[in-house]
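Presented below is the structure to which this report refers.
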Amino acid sequence: MGLATPPIAICTRCKTPISNAILINDRCGKRFDGVRCNGVYRSALNYADWKKCAACAGSGLHAKKRCEECQGTGWQYIGDGTAR
Ligand SMILES: [Zn+2]
Ligand SMILES: [Zn+2]
């Protein structure tokens, strides 16, 4: 279930894309091996910084499971992570 439009923010550290504006500038809630990611969600509103995920062709699914490459969003961030 990929998104029709790109996510609007991305974690500065683990690159997890999100599409909930409320979380922008909040600390990332992802956990890796029990340790919470210490990145923050930074807005990434530039459409050109996103491309359809190559692993799942934008579907958000990979081998019938949630695509790990794009966290199920169907999009991959290709920008440099800095605000313009
Ligand atoms: Zn993170
Ligand atoms: Zn994907």
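Residue numbers start at 1 in each chain; chains themselves are named A, B, ... in the order of the structure tokens; ligands are numbered from 1 in the order shown.
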**Request:** May I ask you to write as a list in words all residues lying at most 12 Å from ligand 1, with only C-alpha atoms and all ligand atoms counted?
**Result:**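 Those residues are Ala9, Ile10, Cys11, Thr12, Arg13, Cys14, Lys15, Thr16, Pro17, Ile18, Leu23, Ile24, Asn25, Asp26, Arg27, Cys28, Gly29, Lys30, Arg31, Phe32, Val35, Arg36, Cys37, Asn38, Gly39, Val40, Tyr41, Arg42 and Gln71 of chain A.
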**Item:** Environment of ligand 2 within 10 Å, counting only C-alpha atoms and all ligand atoms, reported as a list in words
**Value:**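 Protein and nucleic-acid residues within 10 Å of ligand 2: Met1, Gly2, Lys52, Cys53, Ala54, Ala55, Cys56, Ala57, Gly58, Ser59, Gly60, Leu61, His62, Arg66, Cys67, Glu68, Glu69, Cys70, Gln71, Gly72, Thr73, Gly74, Trp75 and Gln76 of chain A.
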**Request:** Find the residue from A:Trp50, A:Gly34, A:Lys65, A:Ile8 that sits nearest to A:Ile22; use only C-alpha atoms when measuring.
**Result:**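 Smallest separation from A:Ile22 among the options: A:Ile8.
Among the residues of chain A, backbone DSSP assigns helix (DSSP H, G or I) to Ala21, Ile22, Leu23, Tyr47, Ala48 and Asp49 of chain A.
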**Message:** Using Å and a single decimal, report how far atom CA of A:Asp33 sits from atom CA of A:Leu3.
**Reply:** 27.6 Å
**Request:** Pull the strand (DSSP E) assignments for chain A out of DSSP run on the backbone, and list those residues as number ranges by chain.
**Result:** A: 9-11, 17-18, 31-32, 35-36, 41-43, 50-52, 61-62, 65-66, 75-77
For A:Gly79, please output as a PDB file with C-alpha atoms, in the first residue's frame all residues within 9 Å (counting only C-alpha atoms; exclusion window: fewer than 4 positions along the same chain).
ATOM      1  CA  ALA A  44      11.393  16.830   3.380  1.00  0.00           C
ATOM      2  CA  ASN A  46      10.753  18.881  -1.885  1.00  0.00           C
ATOM      3  CA  ALA A  48      12.259  16.157  -6.294  1.00  0.00           C
ATOM      4  CA  ASP A  49      13.921  14.609  -3.267  1.00  0.00           C
ATOM      5  CA  TRP A  50      11.718  11.547  -3.505  1.00  0.00           C
TER       6      TRP A  50
END
